[in-house]
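J.: For reference, the file model-v9.cif (mmCIF, C-alpha atoms) is included below:
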```cif
data_input
loop_
_atom_site.label_atom_id
_atom_site.label_comp_id
_atom_site.auth_asym_id
_atom_site.auth_seq_id
_atom_site.Cartn_x
_atom_site.Cartn_y
_atom_site.Cartn_z
CA MET Z 13 -27.08 -28.73 -10.04
CA SER Z 14 -28.11 -32.26 -10.78
CA ASN Z 15 -24.87 -32.87 -12.69
CA PHE Z 16 -22.61 -32.01 -9.75
CA ARG Z 17 -20.65 -35.18 -8.89
CA SER Z 18 -17.41 -35.52 -6.93
CA ARG Z 19 -14.55 -37.34 -8.68
CA ALA Z 20 -12.55 -37.75 -5.45
CA THR Z 21 -12.14 -41.00 -3.60
CA ARG Z 22 -14.43 -41.50 -0.62
CA ARG Z 23 -11.69 -40.66 1.93
CA GLN Z 24 -10.59 -37.60 -0.04
CA PHE Z 25 -14.21 -36.55 -0.53
CA ILE Z 26 -15.05 -36.73 3.16
CA ALA Z 27 -11.87 -35.64 4.90
CA GLY Z 28 -8.60 -34.97 3.16
CA SER Z 29 -5.35 -33.68 4.55
CA THR Z 30 -6.55 -30.09 4.46
CA ALA Z 31 -9.48 -28.45 6.21
CA LEU Z 32 -12.87 -29.23 4.76
CA PRO Z 33 -14.26 -25.97 3.34
CA PHE Z 34 -17.95 -26.84 3.76
CA ALA Z 35 -19.34 -23.33 4.11
CA ALA Z 36 -16.87 -21.91 1.61
CA TRP Z 37 -17.72 -24.27 -1.23
CA LEU Z 38 -19.47 -22.66 -4.14
CA SER Z 39 -22.68 -24.29 -5.27
CA ALA Z 40 -22.73 -25.99 -8.65
CA SER Z 41 -24.66 -23.04 -10.09
CA GLN Z 42 -22.11 -20.61 -8.70
CA LYS Z 43 -19.29 -22.65 -10.25
CA ALA Z 44 -21.09 -22.54 -13.57
CA LEU Z 45 -21.35 -18.76 -13.31
CA ALA Z 46 -17.69 -18.55 -12.42
CA ALA Z 47 -16.74 -20.65 -15.45
CA SER Z 48 -18.93 -18.52 -17.69
CA ALA Z 49 -17.44 -15.31 -16.37
CA ALA Z 50 -13.92 -16.66 -16.79
CA SER Z 51 -14.61 -17.62 -20.42
CA ASP Z 52 -15.52 -14.04 -21.40
CA GLY Z 53 -12.81 -12.48 -19.27
CA SER Z 54 -15.17 -10.63 -16.96
CA ALA Z 55 -13.89 -12.49 -13.89
CA ALA Z 56 -10.22 -12.50 -14.76
CA SER Z 57 -9.22 -10.37 -11.82
CA SER Z 58 -12.03 -10.89 -9.37
CA GLY Z 59 -12.02 -14.74 -9.16
CA PRO Z 60 -14.63 -17.00 -7.58
CA SER Z 61 -15.72 -14.52 -4.94
CA ALA Z 62 -17.11 -12.21 -7.60
CA ALA Z 63 -18.88 -15.12 -9.27
CA ALA Z 64 -20.37 -16.06 -5.93
CA ALA Z 65 -21.60 -12.52 -5.47
CA SER Z 66 -23.15 -12.58 -8.94
CA ALA Z 67 -24.85 -15.85 -8.13
CA ALA Z 68 -26.18 -14.40 -4.89
CA ALA Z 69 -27.70 -11.51 -6.82
CA ALA Z 70 -29.41 -13.81 -9.32
CA PRO Z 71 -33.02 -14.87 -8.71
CA ALA Z 72 -33.10 -17.99 -6.54
CA ALA Z 73 -34.88 -21.09 -7.73
CA THR Z 74 -37.41 -22.57 -5.34
CA PRO Z 75 -36.13 -25.43 -3.13
CA LYS Z 76 -38.75 -27.76 -4.57
CA SER Z 77 -37.69 -27.18 -8.16
CA LEU Z 78 -34.03 -27.68 -7.23
CA ALA Z 79 -34.76 -30.90 -5.34
CA ALA Z 80 -36.78 -32.23 -8.26
CA ASP Z 81 -33.87 -31.46 -10.60
CA VAL Z 82 -31.49 -33.85 -8.83
CA LEU Z 83 -31.14 -36.85 -11.13
CA ASN Z 84 -30.44 -39.70 -8.72
CA VAL Z 85 -30.15 -40.53 -5.06
CA ARG Z 86 -26.35 -40.44 -4.95
CA ASP Z 87 -26.31 -36.87 -6.25
CA PHE Z 88 -27.86 -35.69 -2.99
CA GLU Z 89 -24.76 -36.64 -1.00
CA PRO Z 90 -22.40 -33.85 -2.20
CA LEU Z 91 -25.26 -31.38 -1.80
CA ALA Z 92 -25.69 -32.52 1.81
CA ARG Z 93 -21.97 -32.10 2.39
CA GLN Z 94 -22.21 -28.54 1.14
CA ALA Z 95 -25.05 -27.78 3.52
CA LEU Z 96 -23.66 -29.29 6.73
CA PRO Z 97 -20.94 -28.47 9.26
CA PRO Z 98 -17.96 -30.85 8.94
CA ALA Z 99 -18.69 -32.93 12.06
CA HIS Z 100 -22.36 -33.35 11.19
CA PHE Z 101 -21.57 -34.55 7.68
CA GLY Z 102 -18.79 -36.72 9.08
CA TYR Z 103 -21.24 -38.35 11.47
CA LEU Z 104 -23.55 -39.12 8.58
CA ALA Z 105 -20.80 -40.34 6.26
CA THR Z 106 -18.69 -42.43 8.60
CA GLY Z 107 -18.29 -46.16 8.73
CA VAL Z 108 -15.67 -47.83 10.90
CA ASP Z 109 -11.96 -48.39 10.29
CA ASP Z 110 -11.52 -47.95 6.50
CA ASP Z 111 -15.26 -47.68 5.74
CA ARG Z 112 -14.98 -50.83 3.63
CA THR Z 113 -18.17 -52.47 4.94
CA LEU Z 114 -20.05 -49.24 4.32
CA LYS Z 115 -18.80 -49.20 0.73
CA ARG Z 116 -19.37 -52.92 0.30
CA ASN Z 117 -23.06 -52.50 1.21
CA GLU Z 118 -23.55 -50.44 -1.91
CA GLU Z 119 -21.08 -52.12 -4.23
CA ALA Z 120 -22.49 -55.61 -3.63
CA TYR Z 121 -25.73 -54.74 -5.42
CA GLY Z 122 -23.65 -54.59 -8.59
CA ASP Z 123 -22.88 -58.29 -8.22
CA TYR Z 124 -26.50 -59.19 -8.91
CA GLU Z 125 -27.86 -59.22 -12.45
CA ILE Z 126 -31.51 -58.88 -13.40
CA ARG Z 127 -33.03 -61.37 -15.85
CA ALA Z 128 -35.29 -59.36 -18.16
CA ARG Z 129 -38.39 -61.22 -19.34
CA ARG Z 130 -40.71 -60.38 -22.25
CA PHE Z 131 -44.37 -60.95 -23.15
CA ALA Z 132 -45.85 -59.65 -19.88
CA ASP Z 133 -48.89 -57.38 -19.76
CA LEU Z 134 -47.41 -54.07 -18.60
CA THR Z 135 -50.54 -51.98 -18.95
CA HIS Z 136 -50.43 -51.26 -15.22
CA ILE Z 137 -47.36 -51.27 -12.94
CA ASP Z 138 -48.23 -51.71 -9.25
CA THR Z 139 -45.54 -51.09 -6.60
CA GLY Z 140 -47.97 -51.53 -3.69
CA LEU Z 141 -47.94 -54.23 -1.02
CA THR Z 142 -49.51 -55.04 2.32
CA VAL Z 143 -47.33 -55.12 5.45
CA TYR Z 144 -48.81 -56.01 8.83
CA GLY Z 145 -52.28 -55.36 7.46
CA SER Z 146 -51.45 -51.87 6.17
CA ARG Z 147 -51.30 -50.97 2.52
CA TRP Z 148 -47.96 -49.49 1.40
CA ARG Z 149 -47.67 -47.75 -1.97
CA LEU Z 150 -43.95 -48.55 -2.17
CA PRO Z 151 -41.74 -51.33 -0.70
CA VAL Z 152 -39.49 -48.67 0.83
CA TYR Z 153 -39.57 -47.26 4.35
CA LEU Z 154 -37.63 -44.44 6.02
CA SER Z 155 -35.28 -46.05 8.51
CA ALA Z 156 -34.12 -44.58 11.83
CA VAL Z 157 -31.33 -41.99 11.50
CA SER Z 158 -30.33 -40.55 14.90
CA GLY Z 159 -31.38 -36.93 15.57
CA LEU Z 160 -32.32 -35.39 12.24
CA ARG Z 161 -32.17 -31.78 13.39
CA ALA Z 162 -28.40 -32.23 13.11
CA PHE Z 163 -28.99 -32.13 9.35
CA HIS Z 164 -31.82 -29.61 8.99
CA PRO Z 165 -33.63 -27.25 11.41
CA GLU Z 166 -36.97 -29.00 10.78
CA GLY Z 167 -35.45 -32.45 11.31
CA GLU Z 168 -37.91 -35.27 11.90
CA ALA Z 169 -40.85 -32.93 11.35
CA ALA Z 170 -39.84 -32.46 7.72
CA VAL Z 171 -39.24 -36.19 7.27
CA ALA Z 172 -42.61 -37.03 8.83
CA ALA Z 173 -44.32 -34.58 6.50
CA ALA Z 174 -42.54 -36.17 3.54
CA ALA Z 175 -43.55 -39.64 4.74
CA ALA Z 176 -47.15 -38.43 4.93
CA SER Z 177 -47.14 -36.84 1.48
CA ARG Z 178 -45.65 -39.98 -0.09
CA SER Z 179 -47.52 -42.49 2.13
CA VAL Z 180 -44.44 -44.39 3.29
CA GLN Z 181 -43.67 -46.05 6.60
CA LEU Z 182 -41.49 -44.12 9.04
CA MET Z 183 -39.16 -45.60 11.65
CA LEU Z 184 -38.21 -43.09 14.36
CA SER Z 185 -34.84 -43.25 16.11
CA SER Z 186 -34.43 -43.39 19.89
CA GLY Z 187 -32.18 -40.39 19.35
CA SER Z 188 -34.84 -38.44 17.49
CA SER Z 189 -34.60 -34.72 18.13
CA THR Z 190 -38.38 -34.36 17.89
CA ALA Z 191 -40.89 -35.94 20.27
CA ILE Z 192 -42.76 -38.96 18.95
CA GLU Z 193 -46.10 -37.35 19.83
CA ARG Z 194 -45.48 -34.52 17.36
CA ILE Z 195 -44.20 -36.90 14.70
CA LEU Z 196 -47.35 -39.00 14.92
CA THR Z 197 -49.47 -35.88 14.42
CA LEU Z 198 -47.46 -34.86 11.36
CA ARG Z 199 -47.33 -38.35 9.86
CA GLY Z 200 -51.03 -38.99 10.46
CA ALA Z 201 -50.41 -42.72 10.83
CA PRO Z 202 -48.60 -45.04 13.26
CA VAL Z 203 -44.80 -45.10 13.16
CA TRP Z 204 -42.24 -47.70 14.15
CA GLN Z 205 -40.12 -46.73 17.15
CA GLN Z 206 -36.51 -47.88 16.94
CA LEU Z 207 -35.15 -48.81 20.36
CA TYR Z 208 -31.66 -48.52 21.76
CA PRO Z 209 -32.53 -50.34 24.98
CA THR Z 210 -29.60 -48.97 27.07
CA ASP Z 211 -28.04 -50.89 29.92
CA ASP Z 212 -30.76 -49.85 32.40
CA TRP Z 213 -33.89 -52.03 32.20
CA THR Z 214 -35.99 -49.40 33.95
CA VAL Z 215 -35.15 -46.92 31.19
CA THR Z 216 -35.90 -49.59 28.57
CA GLN Z 217 -39.35 -50.07 30.02
CA GLY Z 218 -39.96 -46.33 30.17
CA MET Z 219 -39.10 -45.80 26.52
CA VAL Z 220 -41.30 -48.68 25.38
CA ARG Z 221 -44.24 -47.43 27.46
CA ARG Z 222 -43.92 -43.89 26.12
CA ALA Z 223 -43.65 -45.00 22.48
CA GLU Z 224 -46.61 -47.36 22.68
CA LYS Z 225 -48.74 -44.88 24.60
CA ALA Z 226 -48.04 -42.27 21.91
CA GLY Z 227 -49.21 -44.62 19.18
CA ALA Z 228 -46.17 -46.49 17.81
CA ASP Z 229 -47.44 -49.80 16.46
CA ALA Z 230 -44.04 -51.51 16.44
CA ILE Z 231 -40.87 -51.44 18.52
CA VAL Z 232 -37.73 -52.09 16.47
CA VAL Z 233 -34.96 -53.13 18.84
CA THR Z 234 -31.41 -52.70 17.57
CA VAL Z 235 -29.18 -55.63 18.56
CA ASP Z 236 -25.96 -54.81 16.70
CA SER Z 237 -24.54 -52.22 19.09
CA THR Z 238 -23.36 -54.40 21.98
CA ALA Z 239 -19.78 -55.10 20.94
CA THR Z 240 -18.92 -51.65 19.61
CA VAL Z 241 -20.71 -49.14 21.81
CA ALA Z 242 -17.51 -47.96 23.50
CA VAL Z 243 -14.87 -49.00 20.98
CA ARG Z 244 -16.27 -48.07 17.57
CA ASN Z 245 -13.42 -46.72 15.44
CA SER Z 246 -15.19 -44.06 13.40
CA GLU Z 247 -12.16 -42.61 11.63
CA THR Z 248 -14.06 -40.62 9.02
CA LEU Z 249 -16.07 -38.88 11.73
CA LYS Z 250 -12.93 -38.16 13.75
CA ARG Z 251 -11.19 -36.62 10.76
CA ALA Z 252 -14.16 -34.39 10.05
CA ALA Z 253 -14.52 -33.38 13.71
CA ARG Z 254 -10.90 -32.20 13.83
CA VAL Z 255 -11.64 -29.44 11.33
CA ASP Z 256 -14.94 -28.44 12.95
CA THR Z 257 -14.14 -25.66 15.39
CA ARG Z 258 -17.68 -25.07 16.65
CA VAL Z 259 -18.50 -25.41 20.34
CA CYS Z 260 -21.34 -27.91 20.49
CA THR Z 261 -22.78 -27.15 23.93
CA ALA Z 262 -25.92 -25.66 22.37
CA CYS Z 263 -27.07 -29.16 21.41
CA HIS Z 264 -24.85 -31.45 23.44
CA VAL Z 265 -24.96 -31.28 27.24
CA ASP Z 266 -21.43 -30.55 28.52
CA ASN Z 267 -20.27 -31.20 24.95
CA ARG Z 268 -21.22 -34.87 25.38
CA HIS Z 269 -22.95 -36.79 22.60
CA ASP Z 270 -24.88 -39.33 24.65
CA MET Z 271 -28.40 -39.38 23.22
CA TRP Z 272 -30.01 -40.21 26.55
CA LEU Z 273 -29.02 -36.73 27.75
CA LYS Z 274 -30.93 -34.88 25.02
CA ALA Z 275 -33.37 -37.03 23.02
CA PRO Z 276 -37.07 -36.41 23.86
CA LEU Z 277 -37.79 -40.15 24.18
CA PHE Z 278 -35.71 -40.15 27.37
CA ALA Z 279 -37.40 -37.06 28.84
CA GLY Z 280 -38.68 -37.62 32.38
CA LEU Z 281 -36.71 -40.85 32.84
CA ASP Z 282 -33.92 -41.27 35.38
CA VAL Z 283 -30.91 -41.86 33.12
CA SER Z 284 -28.30 -41.47 35.86
CA HIS Z 285 -27.50 -45.18 35.65
CA VAL Z 286 -27.27 -45.34 31.86
CA HIS Z 287 -23.76 -45.82 30.52
CA GLU Z 288 -24.31 -47.52 27.15
CA LEU Z 289 -26.98 -47.78 24.47
CA ALA Z 290 -27.20 -51.56 24.78
CA PRO Z 291 -26.96 -54.01 27.69
CA PRO Z 292 -23.89 -56.26 27.79
CA ASP Z 293 -26.17 -59.28 28.28
CA LEU Z 294 -28.37 -58.85 25.22
CA THR Z 295 -29.14 -62.57 24.98
CA LEU Z 296 -32.19 -64.49 23.78
CA GLN Z 297 -33.38 -64.52 27.39
CA TRP Z 298 -33.13 -60.72 27.49
CA LEU Z 299 -35.06 -60.53 24.22
CA GLU Z 300 -37.80 -62.78 25.59
CA ARG Z 301 -38.06 -60.41 28.55
CA LEU Z 302 -38.49 -57.50 26.15
CA ARG Z 303 -41.09 -59.46 24.18
CA LYS Z 304 -43.21 -59.65 27.34
CA GLN Z 305 -42.83 -55.91 27.86
CA VAL Z 306 -43.82 -54.89 24.31
CA LYS Z 307 -47.59 -55.00 23.81
CA GLY Z 308 -47.53 -54.49 20.04
CA ARG Z 309 -45.22 -55.79 17.34
CA LEU Z 310 -41.55 -56.41 18.11
CA ILE Z 311 -39.09 -56.27 15.21
CA VAL Z 312 -35.40 -57.13 15.65
CA LYS Z 313 -32.90 -55.04 13.70
CA GLY Z 314 -29.29 -56.05 13.11
CA ILE Z 315 -29.48 -59.70 12.01
CA LEU Z 316 -26.95 -60.96 9.45
CA THR Z 317 -26.99 -64.76 9.63
CA GLY Z 318 -29.50 -67.53 9.16
CA GLU Z 319 -28.52 -69.04 12.50
CA ASP Z 320 -29.50 -65.93 14.46
CA ALA Z 321 -32.68 -65.53 12.43
CA ALA Z 322 -33.72 -69.11 13.23
CA LEU Z 323 -33.08 -68.58 16.93
CA LEU Z 324 -35.34 -65.53 16.94
CA LEU Z 325 -38.37 -67.43 15.70
CA ASP Z 326 -38.87 -69.06 19.10
CA THR Z 327 -38.95 -65.71 20.91
CA GLY Z 328 -42.22 -64.51 19.40
CA ILE Z 329 -40.80 -61.62 17.40
CA ASP Z 330 -42.81 -60.17 14.52
CA GLY Z 331 -40.13 -59.24 12.00
CA ILE Z 332 -36.42 -59.10 11.21
CA VAL Z 333 -34.32 -56.31 9.73
CA ILE Z 334 -31.11 -57.44 8.05
CA SER Z 335 -28.77 -54.59 8.90
CA ASN Z 336 -25.14 -53.87 9.73
CA HIS Z 337 -25.99 -50.36 10.88
CA GLY Z 338 -24.98 -48.93 7.51
CA GLY Z 339 -21.44 -50.21 8.03
CA ARG Z 340 -21.12 -48.01 11.10
CA ASN Z 341 -20.56 -50.63 13.79
CA GLU Z 342 -18.41 -53.46 12.50
CA GLU Z 343 -15.89 -53.96 9.70
CA THR Z 344 -17.00 -57.43 8.54
CA LEU Z 345 -16.86 -56.58 4.82
CA ARG Z 346 -20.13 -58.49 4.37
CA ALA Z 347 -22.88 -56.56 2.60
CA THR Z 348 -26.42 -56.86 3.86
CA ILE Z 349 -27.71 -57.91 0.41
CA ASP Z 350 -25.37 -60.92 0.61
CA CYS Z 351 -26.96 -61.93 3.93
CA LEU Z 352 -30.50 -61.82 2.61
CA ALA Z 353 -30.88 -65.24 1.02
CA GLU Z 354 -29.75 -67.22 4.06
CA VAL Z 355 -31.90 -65.22 6.47
CA VAL Z 356 -34.97 -65.62 4.26
CA ALA Z 357 -34.31 -69.35 4.02
CA ALA Z 358 -34.02 -69.66 7.81
CA VAL Z 359 -37.22 -67.67 8.47
CA LYS Z 360 -39.27 -69.77 6.01
CA GLY Z 361 -41.90 -67.09 5.56
CA LYS Z 362 -42.93 -67.01 9.23
CA VAL Z 363 -42.23 -63.28 9.67
CA PRO Z 364 -41.45 -60.41 7.28
CA VAL Z 365 -37.78 -59.83 6.49
CA PHE Z 366 -36.60 -56.30 5.78
CA VAL Z 367 -33.15 -55.15 4.69
CA ASP Z 368 -31.26 -51.86 4.73
CA GLY Z 369 -27.80 -50.61 3.78
CA GLY Z 370 -26.41 -49.42 0.44
CA ILE Z 371 -29.72 -49.19 -1.46
CA ARG Z 372 -29.21 -46.35 -3.92
CA ARG Z 373 -31.31 -47.31 -6.94
CA GLY Z 374 -34.77 -48.59 -7.69
CA SER Z 375 -33.03 -51.58 -9.26
CA ASP Z 376 -31.43 -52.26 -5.85
CA VAL Z 377 -34.91 -52.37 -4.34
CA PHE Z 378 -35.93 -54.82 -7.09
CA LYS Z 379 -32.95 -57.07 -6.36
CA ALA Z 380 -33.68 -57.16 -2.63
CA LEU Z 381 -37.30 -58.08 -3.29
CA ALA Z 382 -36.24 -60.82 -5.70
CA LEU Z 383 -34.02 -62.30 -2.99
CA GLY Z 384 -36.93 -62.44 -0.56
CA ALA Z 385 -37.08 -59.10 1.24
CA THR Z 386 -40.52 -57.79 2.14
CA ALA Z 387 -39.35 -54.17 1.84
CA VAL Z 388 -36.18 -52.10 2.18
CA GLY Z 389 -35.14 -49.30 4.51
CA ILE Z 390 -33.23 -46.18 3.48
CA GLY Z 391 -31.15 -44.21 5.95
CA ARG Z 392 -28.44 -41.93 4.62
CA PRO Z 393 -30.32 -40.98 1.42
CA GLN Z 394 -33.22 -39.47 3.36
CA ALA Z 395 -30.72 -37.48 5.44
CA TRP Z 396 -28.95 -36.26 2.29
CA GLY Z 397 -32.23 -35.06 0.85
CA LEU Z 398 -33.20 -33.48 4.15
CA ALA Z 399 -29.89 -31.65 4.56
CA ALA Z 400 -29.96 -30.27 1.03
CA PHE Z 401 -33.63 -29.29 0.67
CA GLY Z 402 -35.67 -30.15 3.77
CA GLN Z 403 -39.00 -31.90 3.23
CA GLU Z 404 -38.84 -31.46 -0.55
CA GLY Z 405 -35.49 -33.24 -0.62
CA VAL Z 406 -36.84 -36.27 1.21
CA GLU Z 407 -39.84 -36.34 -1.11
CA SER Z 408 -37.60 -36.18 -4.16
CA VAL Z 409 -35.48 -39.06 -2.85
CA LEU Z 410 -38.62 -41.18 -2.42
CA ASP Z 411 -39.89 -40.14 -5.86
CA ILE Z 412 -36.63 -41.29 -7.45
CA TYR Z 413 -36.87 -44.72 -5.81
CA ALA Z 414 -40.48 -45.04 -6.97
CA ARG Z 415 -39.72 -43.93 -10.51
CA GLU Z 416 -36.69 -46.19 -10.87
CA LEU Z 417 -38.48 -49.19 -9.35
CA GLN Z 418 -41.37 -48.79 -11.77
CA ALA Z 419 -38.91 -48.58 -14.65
CA ILE Z 420 -37.01 -51.76 -13.79
CA MET Z 421 -40.25 -53.64 -13.09
CA ARG Z 422 -41.38 -52.74 -16.59
CA GLN Z 423 -38.01 -53.65 -18.10
CA ALA Z 424 -37.94 -57.00 -16.26
CA GLY Z 425 -41.51 -57.89 -17.23
CA THR Z 426 -42.85 -57.87 -13.67
CA PRO Z 427 -45.98 -55.67 -13.42
CA THR Z 428 -46.49 -56.37 -9.69
CA LEU Z 429 -44.20 -56.98 -6.72
CA ALA Z 430 -45.61 -60.50 -6.45
CA ALA Z 431 -44.28 -61.19 -9.95
CA ILE Z 432 -40.70 -60.53 -8.81
CA GLY Z 433 -39.53 -64.05 -7.99
CA GLY Z 434 -36.19 -65.55 -7.04
CA ARG Z 435 -35.35 -66.28 -10.68
CA ALA Z 436 -35.49 -62.56 -11.47
CA VAL Z 437 -31.87 -62.12 -10.35
CA LEU Z 438 -28.58 -63.98 -10.72
CA HIS Z 439 -25.36 -63.55 -8.78
CA ARG Z 440 -22.40 -63.05 -11.11
CA ARG Z 441 -20.40 -65.79 -9.38
CA ALA Z 442 -23.27 -68.29 -9.41
#
```
Any chance you could put this one into structure tokens?
T.:
Amino acid sequence: MSNFRSRATRRQFIAGSTALPFAAWLSASQKALAASAASDGSAASSGPSAAAASAAAAPAATPKSLAADVLNVRDFEPLARQALPPAHFGYLATGVDDDRTLKRNEEAYGDYEIRARRFADLTHIDTGLTVYGSRWRLPVYLSAVSGLRAFHPEGEAAVAAAAASRSVQLMLSSGSSTAIERILTLRGAPVWQQLYPTDDWTVTQGMVRRAEKAGADAIVVTVDSTATVAVRNSETLKRAARVDTRVCTACHVDNRHDMWLKAPLFAGLDVSHVHELAPPDLTLQWLERLRKQVKGRLIVKGILTGEDAALLLDTGIDGIVISNHGGRNEETLRATIDCLAEVVAAVKGKVPVFVDGGIRRGSDVFKALALGATAVGIGRPQAWGLAAFGQEGVESVLDIYARELQAIMRQAGTPTLAAIGGRAVLHRRA
């Protein structure tokens, strides 16, 4: 199972010219059985269907053991594709236009080299850090990913349980399919509430009040959705949706996909005047107004330049997330890791700087920390793990990041996160 990797290009992998046979795909173990049967001639006339039947009759491994067998984070993606309806996987996989910014987010980490040092005392490797007064065991948090029940029946509940078992920070989406009150119970610790503020200030206020009353200790406002709310060209999603023949009224009111019509965070609010997820006038003045409304910490997500980061410092915000929405909103071709150094320089240590997008290895986490990030957020990988195995999948994804980070810290001669300095990495073009 862990050796199952697609050799297709990204576009072919996600949505080719033929229908996407999600439910019909054989699992890796079934393919192995089919190959074995073919080699001894026993399946010469019956084909894959007989192999699938044989696999179905075989004793099933436990989900936890299967999740733990997956070798790396990327290997969860094809397993998620197997598990999901075409449109749901397409939603998770899509970028915009040609998906080049999405791909660049990941590829850019390969442009940074790690300088391995010797003669350090590596008796103990410590991946812990303190963020906003709380002790984290890992510089990785689970970022907001829409409504997670689109990827697994247990959705955010499974992710919250995984966050609790691995003691990692959880950021909950405005579009979460599970109420924040339940998530806080399952997590057993405060969460960060991501905020799509909408274009109705009254609704904005209502969401903030509900999240803070429930126990969220930070509001993370997304500011990168203003220009593309109505015009985002999500071609990969559209291609996948064309081969998904399901009627979606069970989850989507009148077959509409507006989160304010279904997400629990909007429950009880008058959303009749909401038309977009962000106001058209999301200016610094608007942000200062939000700062007065938010009683706890206010983190701004979606910053990519030093200029914008510097402007934010005068608004009283408490943190910045460097993010291009996983390449889902704009085709700039600029990876978030390439934005990190200038944002960190502009902030000058006044607030924590987080980064997300394209982080697939523990060595990627190391590189982000070396360039000045406080911690990194993971989005798609947690959803891949969730879709494939539920809670155990999310836990295995986190375990892989932890294991790989510890390994590269040892290899680089940095026993603590504080020992990872700016000289730990070099850009290939530098």
J.: For atom CA of Z:Val306 and atom CA of Z:Met219, quote the distance in Å rounded to one decimal.
T.: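 Answer for the atom CA of Z:Val306 to atom CA of Z:Met219 separation: 10.5 Å.
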J.: Considering all atoms listed in the file, give me a table of residues in stretch 200-256 of chain Z that are at most 8 Å from stretch 335-359 of chain Z, with the closest atom pair and distance in Å for each, as a tab-separated table.
T.:
```
residue	atom	partner	partner_atom	distance
Z:Asp236	CA	Z:Asn336	CA	7.1
Z:Ser237	CA	Z:Asn341	CA	6.8
Z:Thr240	CA	Z:Asn341	CA	6.1
Z:Arg244	CA	Z:Asn341	CA	6.3
Z:Ser246	CA	Z:Arg340	CA	7.5
```
J.: Quick one: distance from atom CA of Z:Glu193 to atom CA of Z:His269 in Å, one decimal?
T.: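 About the pair atom CA of Z:Glu193 and atom CA of Z:His269: they are 23.3 Å apart.
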J.: Can you list, as number ranges by chain, the residues that the PyMOL selection byres ((chain Z and resi 324) around 12) selects here?
T.: Z: 235, 295-300, 303, 310-315, 317-323, 325-333, 355, 358-359, 362-363
J.: Deliver the residues from the most recent selection as a file, using C-alpha atoms, as an mmCIF file, in the coordinates of the input.
T.:
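Output contents, as saved in again_0.cif:
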```
data_model
loop_
_atom_site.group_PDB
_atom_site.id
_atom_site.type_symbol
_atom_site.label_atom_id
_atom_site.label_comp_id
_atom_site.auth_asym_id
_atom_site.auth_seq_id
_atom_site.Cartn_x
_atom_site.Cartn_y
_atom_site.Cartn_z
ATOM 1 C CA VAL Z 235 -29.180 -55.630 18.560
ATOM 2 C CA THR Z 295 -29.140 -62.570 24.980
ATOM 3 C CA LEU Z 296 -32.190 -64.490 23.780
ATOM 4 C CA GLN Z 297 -33.380 -64.520 27.390
ATOM 5 C CA TRP Z 298 -33.130 -60.720 27.490
ATOM 6 C CA LEU Z 299 -35.060 -60.530 24.220
ATOM 7 C CA GLU Z 300 -37.800 -62.780 25.590
ATOM 8 C CA ARG Z 303 -41.090 -59.460 24.180
ATOM 9 C CA LEU Z 310 -41.550 -56.410 18.110
ATOM 10 C CA ILE Z 311 -39.090 -56.270 15.210
ATOM 11 C CA VAL Z 312 -35.400 -57.130 15.650
ATOM 12 C CA LYS Z 313 -32.900 -55.040 13.700
ATOM 13 C CA GLY Z 314 -29.290 -56.050 13.110
ATOM 14 C CA ILE Z 315 -29.480 -59.700 12.010
ATOM 15 C CA THR Z 317 -26.990 -64.760 9.630
ATOM 16 C CA GLY Z 318 -29.500 -67.530 9.160
ATOM 17 C CA GLU Z 319 -28.520 -69.040 12.500
ATOM 18 C CA ASP Z 320 -29.500 -65.930 14.460
ATOM 19 C CA ALA Z 321 -32.680 -65.530 12.430
ATOM 20 C CA ALA Z 322 -33.720 -69.110 13.230
ATOM 21 C CA LEU Z 323 -33.080 -68.580 16.930
ATOM 22 C CA LEU Z 325 -38.370 -67.430 15.700
ATOM 23 C CA ASP Z 326 -38.870 -69.060 19.100
ATOM 24 C CA THR Z 327 -38.950 -65.710 20.910
ATOM 25 C CA GLY Z 328 -42.220 -64.510 19.400
ATOM 26 C CA ILE Z 329 -40.800 -61.620 17.400
ATOM 27 C CA ASP Z 330 -42.810 -60.170 14.520
ATOM 28 C CA GLY Z 331 -40.130 -59.240 12.000
ATOM 29 C CA ILE Z 332 -36.420 -59.100 11.210
ATOM 30 C CA VAL Z 333 -34.320 -56.310 9.730
ATOM 31 C CA VAL Z 355 -31.900 -65.220 6.470
ATOM 32 C CA ALA Z 358 -34.020 -69.660 7.810
ATOM 33 C CA VAL Z 359 -37.220 -67.670 8.470
ATOM 34 C CA LYS Z 362 -42.930 -67.010 9.230
ATOM 35 C CA VAL Z 363 -42.230 -63.280 9.670
#
```
J.: With all atoms of stretch 402-420 of chain Z from the file as input, state the centre and edge lengths in Å to one decimal of the axis-aligned box that has 8 Å extra on each side, as JSON.
T.:
```
{"center_x": -38.4, "center_y": -41.0, "center_z": -5.4, "size_x": 21.9, "size_y": 37.6, "size_z": 34.4}
```
J.: Which protein, DNA or RNA residues are at most 9 Å from (-38.0, -32.1, 5.8) in the file's coordinates when you count only C-alpha atoms, listed as number ranges by chain?
T.: Z: 164-174, 397-399, 401-407
J.: What is the distance, in Å and to one decimal place, between atom CA of Z:Ile371 and atom CA of Z:Ser155?
T.: 11.8 Å
J.: Could you list, as a list in words, every residue matched by the PyMOL selection byres ((chain Z and resi 413) around 10) in this structure?
T.: Asn84, Val85, Leu150, Pro151, Val152, Ile371, Arg372, Arg373, Gly374, Ser375, Asp376, Val377, Ser408, Val409, Leu410, Asp411, Ile412, Ala414, Arg415, Glu416, Leu417, Gln418 and Ala419 of chain Z
J.: Give as a ChimeraX atom specification the residues that the PyMOL selection byres ((chain Z and resi 182-190) around 8) matches when applied to the coordinates above.
T.: /Z:153-161,167-169,172,175,180-181,191-192,194-195,203-208,271-272,274-277
